[in-house]
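Asker: My structure is in query-v6.tsv, and what it holds is TSV, N, CA and C atoms:
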chain	number	residue	atom	x	y	z
A	15	MET	N	-18.58	1.26	-18.94
A	15	MET	CA	-18.84	2.63	-18.51
A	15	MET	C	-18.73	2.72	-16.99
A	16	MET	N	-18.07	3.75	-16.51
A	16	MET	CA	-17.89	3.92	-15.08
A	16	MET	C	-19.14	4.57	-14.48
A	17	THR	N	-19.65	3.97	-13.40
A	17	THR	CA	-20.82	4.54	-12.74
A	17	THR	C	-20.40	5.72	-11.88
A	18	THR	N	-21.38	6.49	-11.45
A	18	THR	CA	-21.10	7.65	-10.60
A	18	THR	C	-20.48	7.21	-9.28
A	19	ALA	N	-20.99	6.11	-8.72
A	19	ALA	CA	-20.45	5.62	-7.45
A	19	ALA	C	-18.99	5.19	-7.60
A	20	THR	N	-18.68	4.51	-8.70
A	20	THR	CA	-17.30	4.08	-8.94
A	20	THR	C	-16.41	5.29	-9.16
A	21	ARG	N	-16.89	6.25	-9.90
A	21	ARG	CA	-16.12	7.48	-10.13
A	21	ARG	C	-15.81	8.18	-8.81
A	22	GLN	N	-16.81	8.27	-7.93
A	22	GLN	CA	-16.60	8.90	-6.63
A	22	GLN	C	-15.59	8.12	-5.80
A	23	GLU	N	-15.65	6.79	-5.87
A	23	GLU	CA	-14.70	5.96	-5.13
A	23	GLU	C	-13.28	6.18	-5.63
A	24	VAL	N	-13.11	6.24	-6.95
A	24	VAL	CA	-11.78	6.47	-7.54
A	24	VAL	C	-11.25	7.84	-7.15
A	25	LEU	N	-12.09	8.87	-7.28
A	25	LEU	CA	-11.66	10.22	-6.90
A	25	LEU	C	-11.33	10.30	-5.41
A	26	GLY	N	-12.11	9.59	-4.60
A	26	GLY	CA	-11.84	9.55	-3.16
A	26	GLY	C	-10.48	8.92	-2.86
A	27	LEU	N	-10.15	7.84	-3.58
A	27	LEU	CA	-8.84	7.21	-3.40
A	27	LEU	C	-7.72	8.16	-3.82
A	28	TYR	N	-7.93	8.87	-4.92
A	28	TYR	CA	-6.93	9.82	-5.41
A	28	TYR	C	-6.68	10.91	-4.37
A	29	ARG	N	-7.75	11.46	-3.82
A	29	ARG	CA	-7.60	12.48	-2.77
A	29	ARG	C	-6.93	11.90	-1.53
A	30	ARG	N	-7.30	10.67	-1.18
A	30	ARG	CA	-6.72	10.02	0.01
A	30	ARG	C	-5.20	9.86	-0.16
A	31	ILE	N	-4.77	9.50	-1.35
A	31	ILE	CA	-3.34	9.33	-1.61
A	31	ILE	C	-2.62	10.67	-1.47
A	32	PHE	N	-3.21	11.73	-2.01
A	32	PHE	CA	-2.55	13.04	-1.91
A	32	PHE	C	-2.51	13.55	-0.47
A	33	ARG	N	-3.56	13.28	0.29
A	33	ARG	CA	-3.53	13.65	1.72
A	33	ARG	C	-2.47	12.84	2.45
A	34	LEU	N	-2.38	11.55	2.12
A	34	LEU	CA	-1.37	10.68	2.73
A	34	LEU	C	0.03	11.19	2.41
A	35	ALA	N	0.27	11.58	1.16
A	35	ALA	CA	1.59	12.08	0.76
A	35	ALA	C	1.93	13.37	1.51
A	36	ARG	N	0.94	14.23	1.70
A	36	ARG	CA	1.19	15.48	2.39
A	36	ARG	C	1.62	15.26	3.85
A	37	LYS	N	1.05	14.24	4.49
A	37	LYS	CA	1.34	13.97	5.91
A	37	LYS	C	2.43	12.92	6.11
A	38	TRP	N	2.95	12.35	5.03
A	38	TRP	CA	3.90	11.23	5.12
A	38	TRP	C	5.18	11.63	5.83
A	39	GLN	N	5.65	10.74	6.72
A	39	GLN	CA	6.94	10.88	7.38
A	39	GLN	C	7.71	9.59	7.15
A	40	ALA	N	8.96	9.71	6.72
A	40	ALA	CA	9.79	8.52	6.49
A	40	ALA	C	10.08	7.84	7.81
A	41	ALA	N	10.17	6.53	7.77
A	41	ALA	CA	10.46	5.75	8.98
A	41	ALA	C	11.83	6.09	9.55
A	42	SER	N	12.75	6.50	8.67
A	42	SER	CA	14.11	6.84	9.12
A	42	SER	C	14.15	8.16	9.87
A	43	GLY	N	13.15	9.01	9.65
A	43	GLY	CA	13.11	10.31	10.31
A	43	GLY	C	13.93	11.37	9.58
A	44	GLN	N	14.64	11.00	8.53
A	44	GLN	CA	15.47	11.92	7.78
A	44	GLN	C	14.60	12.74	6.83
A	45	MET	N	14.82	14.03	6.78
A	45	MET	CA	14.02	14.91	5.93
A	45	MET	C	14.18	14.58	4.46
A	46	GLU	N	15.40	14.27	4.00
A	46	GLU	CA	15.59	13.95	2.58
A	46	GLU	C	14.88	12.64	2.20
A	47	ASP	N	14.83	11.67	3.12
A	47	ASP	CA	14.08	10.43	2.87
A	47	ASP	C	12.59	10.73	2.78
A	48	THR	N	12.11	11.59	3.67
A	48	THR	CA	10.69	11.95	3.66
A	48	THR	C	10.33	12.62	2.33
A	49	ILE	N	11.15	13.53	1.86
A	49	ILE	CA	10.89	14.23	0.59
A	49	ILE	C	10.88	13.24	-0.57
A	50	LYS	N	11.88	12.32	-0.61
A	50	LYS	CA	11.93	11.32	-1.68
A	50	LYS	C	10.70	10.41	-1.66
A	51	GLU	N	10.29	9.99	-0.47
A	51	GLU	CA	9.15	9.09	-0.37
A	51	GLU	C	7.85	9.80	-0.72
A	52	LYS	N	7.70	11.05	-0.31
A	52	LYS	CA	6.51	11.82	-0.69
A	52	LYS	C	6.43	11.96	-2.21
A	53	GLN	N	7.58	12.27	-2.82
A	53	GLN	CA	7.63	12.43	-4.28
A	53	GLN	C	7.30	11.12	-4.98
A	54	TYR	N	7.79	10.00	-4.42
A	54	TYR	CA	7.49	8.70	-5.00
A	54	TYR	C	5.98	8.43	-4.95
A	55	ILE	N	5.36	8.71	-3.82
A	55	ILE	CA	3.91	8.48	-3.67
A	55	ILE	C	3.14	9.29	-4.70
A	56	LEU	N	3.48	10.56	-4.84
A	56	LEU	CA	2.77	11.43	-5.79
A	56	LEU	C	2.99	10.99	-7.24
A	57	ASN	N	4.24	10.68	-7.59
A	57	ASN	CA	4.54	10.25	-8.97
A	57	ASN	C	3.86	8.93	-9.31
A	58	GLU	N	3.89	7.99	-8.37
A	58	GLU	CA	3.28	6.68	-8.59
A	58	GLU	C	1.77	6.83	-8.78
A	59	ALA	N	1.15	7.65	-7.94
A	59	ALA	CA	-0.30	7.87	-8.05
A	59	ALA	C	-0.65	8.51	-9.39
A	60	ARG	N	0.07	9.56	-9.74
A	60	ARG	CA	-0.22	10.24	-11.01
A	60	ARG	C	-0.05	9.28	-12.19
A	61	THR	N	1.05	8.53	-12.18
A	61	THR	CA	1.34	7.62	-13.29
A	61	THR	C	0.25	6.56	-13.44
A	62	LEU	N	-0.11	5.91	-12.33
A	62	LEU	CA	-1.09	4.82	-12.42
A	62	LEU	C	-2.50	5.33	-12.72
A	63	PHE	N	-2.89	6.45	-12.10
A	63	PHE	CA	-4.22	6.98	-12.38
A	63	PHE	C	-4.30	7.48	-13.83
A	64	GLN	N	-3.23	8.09	-14.32
A	64	GLN	CA	-3.19	8.55	-15.71
A	64	GLN	C	-3.27	7.36	-16.67
A	65	LYS	N	-2.53	6.30	-16.35
A	65	LYS	CA	-2.50	5.10	-17.19
A	65	LYS	C	-3.88	4.45	-17.26
A	66	ASN	N	-4.61	4.47	-16.17
A	66	ASN	CA	-5.88	3.74	-16.09
A	66	ASN	C	-7.11	4.63	-16.29
A	67	LYS	N	-6.93	5.88	-16.66
A	67	LYS	CA	-8.08	6.79	-16.73
A	67	LYS	C	-9.08	6.43	-17.81
A	68	ASN	N	-8.67	5.70	-18.82
A	68	ASN	CA	-9.60	5.36	-19.91
A	68	ASN	C	-10.19	3.96	-19.80
A	69	LEU	N	-10.02	3.31	-18.65
A	69	LEU	CA	-10.59	1.97	-18.48
A	69	LEU	C	-12.11	2.05	-18.48
A	70	THR	N	-12.74	1.08	-19.11
A	70	THR	CA	-14.20	1.03	-19.13
A	70	THR	C	-14.74	-0.28	-18.56
A	71	ASP	N	-13.91	-1.33	-18.52
A	71	ASP	CA	-14.33	-2.62	-17.99
A	71	ASP	C	-14.48	-2.53	-16.47
A	72	THR	N	-15.69	-2.80	-15.96
A	72	THR	CA	-15.94	-2.64	-14.53
A	72	THR	C	-15.11	-3.59	-13.68
A	73	ASP	N	-14.84	-4.81	-14.17
A	73	ASP	CA	-14.01	-5.75	-13.41
A	73	ASP	C	-12.58	-5.25	-13.30
A	74	LEU	N	-12.05	-4.70	-14.38
A	74	LEU	CA	-10.70	-4.16	-14.38
A	74	LEU	C	-10.60	-2.93	-13.47
A	75	ILE	N	-11.62	-2.09	-13.50
A	75	ILE	CA	-11.65	-0.92	-12.61
A	75	ILE	C	-11.68	-1.37	-11.16
A	76	LYS	N	-12.47	-2.39	-10.85
A	76	LYS	CA	-12.55	-2.92	-9.49
A	76	LYS	C	-11.20	-3.47	-9.04
A	77	GLN	N	-10.49	-4.16	-9.95
A	77	GLN	CA	-9.16	-4.67	-9.63
A	77	GLN	C	-8.20	-3.53	-9.30
A	78	CYS	N	-8.26	-2.46	-10.07
A	78	CYS	CA	-7.39	-1.31	-9.83
A	78	CYS	C	-7.72	-0.65	-8.48
A	79	ILE	N	-9.00	-0.55	-8.17
A	79	ILE	CA	-9.41	0.01	-6.88
A	79	ILE	C	-8.90	-0.86	-5.74
A	80	ASP	N	-9.04	-2.18	-5.88
A	80	ASP	CA	-8.55	-3.10	-4.85
A	80	ASP	C	-7.04	-2.99	-4.68
A	81	GLU	N	-6.32	-2.89	-5.81
A	81	GLU	CA	-4.87	-2.75	-5.73
A	81	GLU	C	-4.48	-1.45	-5.02
A	82	CYS	N	-5.15	-0.37	-5.36
A	82	CYS	CA	-4.86	0.93	-4.75
A	82	CYS	C	-5.10	0.88	-3.24
A	83	THR	N	-6.24	0.32	-2.86
A	83	THR	CA	-6.57	0.22	-1.44
A	83	THR	C	-5.54	-0.64	-0.70
A	84	ALA	N	-5.15	-1.76	-1.30
A	84	ALA	CA	-4.17	-2.64	-0.68
A	84	ALA	C	-2.82	-1.94	-0.52
A	85	ARG	N	-2.40	-1.21	-1.55
A	85	ARG	CA	-1.11	-0.52	-1.46
A	85	ARG	C	-1.13	0.57	-0.40
A	86	ILE	N	-2.25	1.27	-0.25
A	86	ILE	CA	-2.37	2.29	0.79
A	86	ILE	C	-2.25	1.63	2.16
A	87	GLU	N	-3.02	0.56	2.38
A	87	GLU	CA	-3.02	-0.10	3.69
A	87	GLU	C	-1.66	-0.70	4.03
A	88	ILE	N	-1.01	-1.32	3.06
A	88	ILE	CA	0.31	-1.91	3.29
A	88	ILE	C	1.34	-0.81	3.57
A	89	GLY	N	1.26	0.28	2.81
A	89	GLY	CA	2.18	1.39	3.03
A	89	GLY	C	2.03	1.98	4.42
A	90	LEU	N	0.80	2.14	4.88
A	90	LEU	CA	0.57	2.67	6.22
A	90	LEU	C	1.03	1.68	7.29
A	91	HIS	N	0.76	0.41	7.07
A	91	HIS	CA	1.12	-0.60	8.07
A	91	HIS	C	2.63	-0.74	8.23
A	92	TYR	N	3.34	-0.85	7.11
A	92	TYR	CA	4.79	-1.08	7.16
A	92	TYR	C	5.60	0.21	7.13
A	93	GLN	N	4.94	1.35	6.99
A	93	GLN	CA	5.60	2.65	6.92
A	93	GLN	C	6.61	2.74	5.78
A	94	ILE	N	6.28	2.10	4.66
A	94	ILE	CA	7.09	2.23	3.45
A	94	ILE	C	6.14	2.50	2.28
A	95	PRO	N	6.48	3.45	1.43
A	95	PRO	CA	5.58	3.77	0.31
A	95	PRO	C	5.74	2.82	-0.87
A	96	TYR	N	6.82	2.05	-0.88
A	96	TYR	CA	7.11	1.18	-2.01
A	96	TYR	C	6.38	-0.14	-1.85
A	97	PRO	N	5.98	-0.78	-2.95
A	97	PRO	CA	5.32	-2.08	-2.83
A	97	PRO	C	6.26	-3.11	-2.22
A	98	ARG	N	5.74	-3.92	-1.32
A	98	ARG	CA	6.56	-4.98	-0.71
A	98	ARG	C	6.79	-6.07	-1.75
A	99	PRO	N	8.05	-6.38	-2.01
A	99	PRO	CA	8.33	-7.44	-2.99
A	99	PRO	C	7.99	-8.81	-2.41
A	100	ILE	N	7.69	-9.73	-3.30
A	100	ILE	CA	7.51	-11.11	-2.88
A	100	ILE	C	8.74	-11.87	-3.31
A	101	HIS	N	9.10	-12.86	-2.55
A	101	HIS	CA	10.30	-13.62	-2.85
A	101	HIS	C	9.91	-15.07	-3.11
A	102	LEU	N	9.91	-15.43	-4.38
A	102	LEU	CA	9.66	-16.81	-4.78
A	102	LEU	C	10.89	-17.28	-5.53
A	103	PRO	N	11.53	-18.34	-5.03
A	103	PRO	CA	12.69	-18.83	-5.76
A	103	PRO	C	12.28	-19.38	-7.13
A	104	PRO	N	13.19	-19.32	-8.10
A	104	PRO	CA	12.86	-19.89	-9.41
A	104	PRO	C	12.50	-21.37	-9.25
A	105	MET	N	11.50	-21.77	-9.98
A	105	MET	CA	11.01	-23.16	-9.92
A	105	MET	C	10.54	-23.53	-8.51
A	106	GLY	N	10.15	-22.53	-7.71
A	106	GLY	CA	9.75	-22.77	-6.33
A	106	GLY	C	8.30	-23.15	-6.16
A	107	LEU	N	7.50	-22.98	-7.18
A	107	LEU	CA	6.09	-23.34	-7.09
A	107	LEU	C	5.91	-24.79	-7.53
A	108	THR	N	4.91	-25.42	-7.01
A	108	THR	CA	4.67	-26.82	-7.32
A	108	THR	C	4.39	-27.01	-8.80
A	109	PRO	N	5.19	-27.81	-9.48
A	109	PRO	CA	4.97	-28.01	-10.91
A	109	PRO	C	3.72	-28.86	-11.17
A	110	LEU	N	3.13	-28.66	-12.31
A	110	LEU	CA	1.99	-29.45	-12.71
A	110	LEU	C	2.48	-30.58	-13.62
A	111	ARG	N	2.65	-31.76	-13.08
A	111	ARG	CA	3.05	-32.95	-13.82
A	111	ARG	C	4.29	-32.75	-14.69
A	112	GLY	N	5.33	-32.24	-14.09
A	112	GLY	CA	6.60	-32.15	-14.77
A	112	GLY	C	6.74	-31.05	-15.80
A	113	ARG	N	5.78	-30.14	-15.86
A	113	ARG	CA	5.91	-29.04	-16.81
A	113	ARG	C	7.04	-28.13	-16.34
A	114	GLY	N	7.66	-27.47	-17.25
A	114	GLY	CA	8.86	-26.71	-16.93
A	114	GLY	C	8.64	-25.25	-16.65
A	115	LEU	N	9.55	-24.46	-17.17
A	115	LEU	CA	9.64	-23.04	-16.87
A	115	LEU	C	8.38	-22.26	-17.27
A	116	ARG	N	7.77	-22.61	-18.39
A	116	ARG	CA	6.60	-21.87	-18.84
A	116	ARG	C	5.45	-21.99	-17.84
A	117	SER	N	5.24	-23.16	-17.28
A	117	SER	CA	4.17	-23.30	-16.30
A	117	SER	C	4.53	-22.58	-15.00
A	118	GLN	N	5.82	-22.56	-14.66
A	118	GLN	CA	6.26	-21.82	-13.48
A	118	GLN	C	5.98	-20.33	-13.64
A	119	GLU	N	6.25	-19.79	-14.83
A	119	GLU	CA	5.98	-18.37	-15.08
A	119	GLU	C	4.50	-18.07	-14.97
A	120	LYS	N	3.68	-18.96	-15.47
A	120	LYS	CA	2.23	-18.80	-15.39
A	120	LYS	C	1.77	-18.85	-13.93
A	121	LEU	N	2.30	-19.80	-13.15
A	121	LEU	CA	1.96	-19.89	-11.73
A	121	LEU	C	2.40	-18.64	-10.98
A	122	ARG	N	3.59	-18.13	-11.31
A	122	ARG	CA	4.07	-16.90	-10.68
A	122	ARG	C	3.13	-15.74	-10.95
A	123	LYS	N	2.67	-15.64	-12.19
A	123	LYS	CA	1.77	-14.55	-12.57
A	123	LYS	C	0.48	-14.62	-11.76
A	124	PHE	N	-0.06	-15.83	-11.60
A	124	PHE	CA	-1.30	-15.99	-10.85
A	124	PHE	C	-1.10	-15.82	-9.35
A	125	SER	N	0.11	-16.09	-8.85
A	125	SER	CA	0.34	-16.00	-7.42
A	125	SER	C	0.78	-14.61	-6.97
A	126	LYS	N	0.93	-13.69	-7.92
A	126	LYS	CA	1.35	-12.33	-7.59
A	126	LYS	C	0.25	-11.64	-6.79
A	127	PRO	N	0.61	-11.02	-5.65
A	127	PRO	CA	-0.39	-10.34	-4.83
A	127	PRO	C	-1.03	-9.17	-5.57
A	128	VAL	N	-2.22	-8.81	-5.13
A	128	VAL	CA	-2.99	-7.76	-5.80
A	128	VAL	C	-2.25	-6.42	-5.80
A	129	TYR	N	-1.48	-6.16	-4.76
A	129	TYR	CA	-0.81	-4.87	-4.66
A	129	TYR	C	0.40	-4.74	-5.57
A	130	LEU	N	0.78	-5.81	-6.27
A	130	LEU	CA	1.91	-5.74	-7.19
A	130	LEU	C	1.50	-5.87	-8.65
A	131	LYS	N	0.21	-5.94	-8.94
A	131	LYS	CA	-0.25	-6.17	-10.31
A	131	LYS	C	0.29	-5.13	-11.29
A	132	SER	N	0.23	-3.87	-10.96
A	132	SER	CA	0.67	-2.83	-11.91
A	132	SER	C	2.11	-2.41	-11.70
A	133	HIS	N	2.76	-2.88	-10.67
A	133	HIS	CA	4.12	-2.43	-10.36
A	133	HIS	C	5.10	-2.76	-11.48
A	134	ASP	N	5.05	-3.96	-12.02
A	134	ASP	CA	5.99	-4.34	-13.08
A	134	ASP	C	5.71	-3.62	-14.38
A	135	GLU	N	4.46	-3.25	-14.61
A	135	GLU	CA	4.09	-2.56	-15.84
A	135	GLU	C	4.65	-1.14	-15.86
A	136	VAL	N	4.68	-0.48	-14.70
A	136	VAL	CA	5.12	0.92	-14.61
A	136	VAL	C	6.61	1.01	-14.44
A	137	SER	N	7.19	0.15	-13.61
A	137	SER	CA	8.61	0.24	-13.29
A	137	SER	C	9.49	-0.10	-14.45
Here is a file; write its structure as structure tokens.
Answerer:
Amino acid sequence: MMTTATRQEVLGLYRRIFRLARKWQAASGQMEDTIKEKQYILNEARTLFQKNKNLTDTDLIKQCIDECTARIEIGLHYQIPYPRPIHLPPMGLTPLRGRGLRSQEKLRKFSKPVYLKSHDEVS
């Protein structure tokens, strides 16, 4: 069950995203880029908040809040609304005693940054 404080935090993040989208300016300075990026921010927020609106597990809700906060901060810092991809070469993580591809996939999943957790699910 979501507490009142958690609910207020989630609603605050939702409002913050919409205010951010309203004031967003593309790094390129082009009006069409700005419009596309604003639309992306709004669509991404609606999609993810809609997808997660029925969550009841407090740990999962906290993870979503952390991801949202991280994506906002990264977007503001790098001036891009899209999640920053990570580049890990295949089989680039240290294997555990000669285990193959399956362990690499598991390591990749665990090494994925918090701001990319829901990106693959939605995209």
Asker: Measuring atom to atom with only N, CA and C atoms, identify which of A:Ile31, A:Val24, A:Met16, A:Met45 is nearest to Ile86 in chain A.
Answerer: A:Ile31
Asker: What lies within 12 Å of Arg36 in chain A using only C-alpha atoms, ignoring chain neighbours under 2 positions off, as a VMD selection string?
Answerer: chain A and resid 29 to 34 38 to 40 48 to 49 51 to 56
Asker: Hey, can you check how far atom C of Ala19 in chain A sits from CA of Gln93 in chain A?
Answerer: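 One can read the atom C of Ala19 in chain A to CA of Gln93 in chain A distance as 28.7 Å.
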Asker: Residues of range 34-110 of chain A in alpha helix (DSSP H) according to DSSP, as a CSV table (one decimal) with N, CA and C atoms, keeping the file's coordinate frame?
Answerer:
chain,number,residue,atom,x,y,z
A,34,LEU,N,-2.4,11.6,2.1
A,34,LEU,CA,-1.4,10.7,2.7
A,34,LEU,C,0.0,11.2,2.4
A,35,ALA,N,0.3,11.6,1.2
A,35,ALA,CA,1.6,12.1,0.8
A,35,ALA,C,1.9,13.4,1.5
A,36,ARG,N,0.9,14.2,1.7
A,36,ARG,CA,1.2,15.5,2.4
A,36,ARG,C,1.6,15.3,3.8
A,37,LYS,N,1.0,14.2,4.5
A,37,LYS,CA,1.3,14.0,5.9
A,37,LYS,C,2.4,12.9,6.1
A,45,MET,N,14.8,14.0,6.8
A,45,MET,CA,14.0,14.9,5.9
A,45,MET,C,14.2,14.6,4.5
A,46,GLU,N,15.4,14.3,4.0
A,46,GLU,CA,15.6,14.0,2.6
A,46,GLU,C,14.9,12.6,2.2
A,47,ASP,N,14.8,11.7,3.1
A,47,ASP,CA,14.1,10.4,2.9
A,47,ASP,C,12.6,10.7,2.8
A,48,THR,N,12.1,11.6,3.7
A,48,THR,CA,10.7,12.0,3.7
A,48,THR,C,10.3,12.6,2.3
A,49,ILE,N,11.2,13.5,1.9
A,49,ILE,CA,10.9,14.2,0.6
A,49,ILE,C,10.9,13.2,-0.6
A,50,LYS,N,11.9,12.3,-0.6
A,50,LYS,CA,11.9,11.3,-1.7
A,50,LYS,C,10.7,10.4,-1.7
A,51,GLU,N,10.3,10.0,-0.5
A,51,GLU,CA,9.2,9.1,-0.4
A,51,GLU,C,7.8,9.8,-0.7
A,52,LYS,N,7.7,11.0,-0.3
A,52,LYS,CA,6.5,11.8,-0.7
A,52,LYS,C,6.4,12.0,-2.2
A,53,GLN,N,7.6,12.3,-2.8
A,53,GLN,CA,7.6,12.4,-4.3
A,53,GLN,C,7.3,11.1,-5.0
A,54,TYR,N,7.8,10.0,-4.4
A,54,TYR,CA,7.5,8.7,-5.0
A,54,TYR,C,6.0,8.4,-5.0
A,55,ILE,N,5.4,8.7,-3.8
A,55,ILE,CA,3.9,8.5,-3.7
A,55,ILE,C,3.1,9.3,-4.7
A,56,LEU,N,3.5,10.6,-4.8
A,56,LEU,CA,2.8,11.4,-5.8
A,56,LEU,C,3.0,11.0,-7.2
A,57,ASN,N,4.2,10.7,-7.6
A,57,ASN,CA,4.5,10.2,-9.0
A,57,ASN,C,3.9,8.9,-9.3
A,58,GLU,N,3.9,8.0,-8.4
A,58,GLU,CA,3.3,6.7,-8.6
A,58,GLU,C,1.8,6.8,-8.8
A,59,ALA,N,1.2,7.6,-7.9
A,59,ALA,CA,-0.3,7.9,-8.0
A,59,ALA,C,-0.6,8.5,-9.4
A,60,ARG,N,0.1,9.6,-9.7
A,60,ARG,CA,-0.2,10.2,-11.0
A,60,ARG,C,0.0,9.3,-12.2
A,61,THR,N,1.0,8.5,-12.2
A,61,THR,CA,1.3,7.6,-13.3
A,61,THR,C,0.2,6.6,-13.4
A,62,LEU,N,-0.1,5.9,-12.3
A,62,LEU,CA,-1.1,4.8,-12.4
A,62,LEU,C,-2.5,5.3,-12.7
A,63,PHE,N,-2.9,6.4,-12.1
A,63,PHE,CA,-4.2,7.0,-12.4
A,63,PHE,C,-4.3,7.5,-13.8
A,64,GLN,N,-3.2,8.1,-14.3
A,64,GLN,CA,-3.2,8.6,-15.7
A,64,GLN,C,-3.3,7.4,-16.7
A,65,LYS,N,-2.5,6.3,-16.4
A,65,LYS,CA,-2.5,5.1,-17.2
A,65,LYS,C,-3.9,4.4,-17.3
A,72,THR,N,-15.7,-2.8,-16.0
A,72,THR,CA,-15.9,-2.6,-14.5
A,72,THR,C,-15.1,-3.6,-13.7
A,73,ASP,N,-14.8,-4.8,-14.2
A,73,ASP,CA,-14.0,-5.8,-13.4
A,73,ASP,C,-12.6,-5.2,-13.3
A,74,LEU,N,-12.0,-4.7,-14.4
A,74,LEU,CA,-10.7,-4.2,-14.4
A,74,LEU,C,-10.6,-2.9,-13.5
A,75,ILE,N,-11.6,-2.1,-13.5
A,75,ILE,CA,-11.6,-0.9,-12.6
A,75,ILE,C,-11.7,-1.4,-11.2
A,76,LYS,N,-12.5,-2.4,-10.8
A,76,LYS,CA,-12.6,-2.9,-9.5
A,76,LYS,C,-11.2,-3.5,-9.0
A,77,GLN,N,-10.5,-4.2,-10.0
A,77,GLN,CA,-9.2,-4.7,-9.6
A,77,GLN,C,-8.2,-3.5,-9.3
A,78,CYS,N,-8.3,-2.5,-10.1
A,78,CYS,CA,-7.4,-1.3,-9.8
A,78,CYS,C,-7.7,-0.6,-8.5
A,79,ILE,N,-9.0,-0.6,-8.2
A,79,ILE,CA,-9.4,0.0,-6.9
A,79,ILE,C,-8.9,-0.9,-5.7
A,80,ASP,N,-9.0,-2.2,-5.9
A,80,ASP,CA,-8.6,-3.1,-4.8
A,80,ASP,C,-7.0,-3.0,-4.7
A,81,GLU,N,-6.3,-2.9,-5.8
A,81,GLU,CA,-4.9,-2.8,-5.7
A,81,GLU,C,-4.5,-1.4,-5.0
A,82,CYS,N,-5.2,-0.4,-5.4
A,82,CYS,CA,-4.9,0.9,-4.8
A,82,CYS,C,-5.1,0.9,-3.2
A,83,THR,N,-6.2,0.3,-2.9
A,83,THR,CA,-6.6,0.2,-1.4
A,83,THR,C,-5.5,-0.6,-0.7
A,84,ALA,N,-5.2,-1.8,-1.3
A,84,ALA,CA,-4.2,-2.6,-0.7
A,84,ALA,C,-2.8,-1.9,-0.5
A,85,ARG,N,-2.4,-1.2,-1.6
A,85,ARG,CA,-1.1,-0.5,-1.5
A,85,ARG,C,-1.1,0.6,-0.4
A,86,ILE,N,-2.2,1.3,-0.2
A,86,ILE,CA,-2.4,2.3,0.8
A,86,ILE,C,-2.2,1.6,2.2
A,87,GLU,N,-3.0,0.6,2.4
A,87,GLU,CA,-3.0,-0.1,3.7
A,87,GLU,C,-1.7,-0.7,4.0
A,88,ILE,N,-1.0,-1.3,3.1
A,88,ILE,CA,0.3,-1.9,3.3
A,88,ILE,C,1.3,-0.8,3.6
A,89,GLY,N,1.3,0.3,2.8
A,89,GLY,CA,2.2,1.4,3.0
A,89,GLY,C,2.0,2.0,4.4
A,90,LEU,N,0.8,2.1,4.9
A,90,LEU,CA,0.6,2.7,6.2
A,90,LEU,C,1.0,1.7,7.3
A,91,HIS,N,0.8,0.4,7.1
A,91,HIS,CA,1.1,-0.6,8.1
A,91,HIS,C,2.6,-0.7,8.2
A,92,TYR,N,3.3,-0.8,7.1
A,92,TYR,CA,4.8,-1.1,7.2
A,92,TYR,C,5.6,0.2,7.1
Asker: Got a sec to write range 75-103 of chain A of the block to a file, C-alpha atoms, as a compact mmCIF listing (two decimals), in the first residue's frame?
Answerer:
# COMPACT_ATOMS: atom_id res chain seq x y z
CA ILE A 75 7.84 2.03 -5.78
CA LYS A 76 11.07 3.34 -4.23
CA GLN A 77 13.06 1.94 -7.18
CA CYS A 78 10.75 3.71 -9.63
CA ILE A 79 11.09 6.98 -7.70
CA ASP A 80 14.89 6.63 -7.72
CA GLU A 81 14.88 5.90 -11.45
CA CYS A 82 12.66 8.92 -12.16
CA THR A 83 14.85 11.22 -10.08
CA ALA A 84 18.02 9.92 -11.75
CA ARG A 85 16.57 10.39 -15.24
CA ILE A 86 15.52 13.96 -14.43
CA GLU A 87 18.97 14.84 -13.06
CA ILE A 88 20.83 13.21 -15.96
CA GLY A 89 18.55 14.89 -18.49
CA LEU A 90 19.16 18.29 -16.93
CA HIS A 91 22.90 17.73 -16.63
CA TYR A 92 23.50 16.48 -20.18
CA GLN A 93 20.68 18.50 -21.78
CA ILE A 94 19.21 15.40 -23.41
CA PRO A 95 15.81 13.95 -22.52
CA TYR A 96 16.71 10.44 -23.66
CA PRO A 97 18.32 7.93 -21.29
CA ARG A 98 22.09 7.76 -21.71
CA PRO A 99 22.97 4.34 -23.10
CA ILE A 100 25.67 2.26 -21.52
CA HIS A 101 28.22 0.56 -23.71
CA LEU A 102 29.34 -2.86 -22.58
CA PRO A 103 30.95 -5.07 -25.18
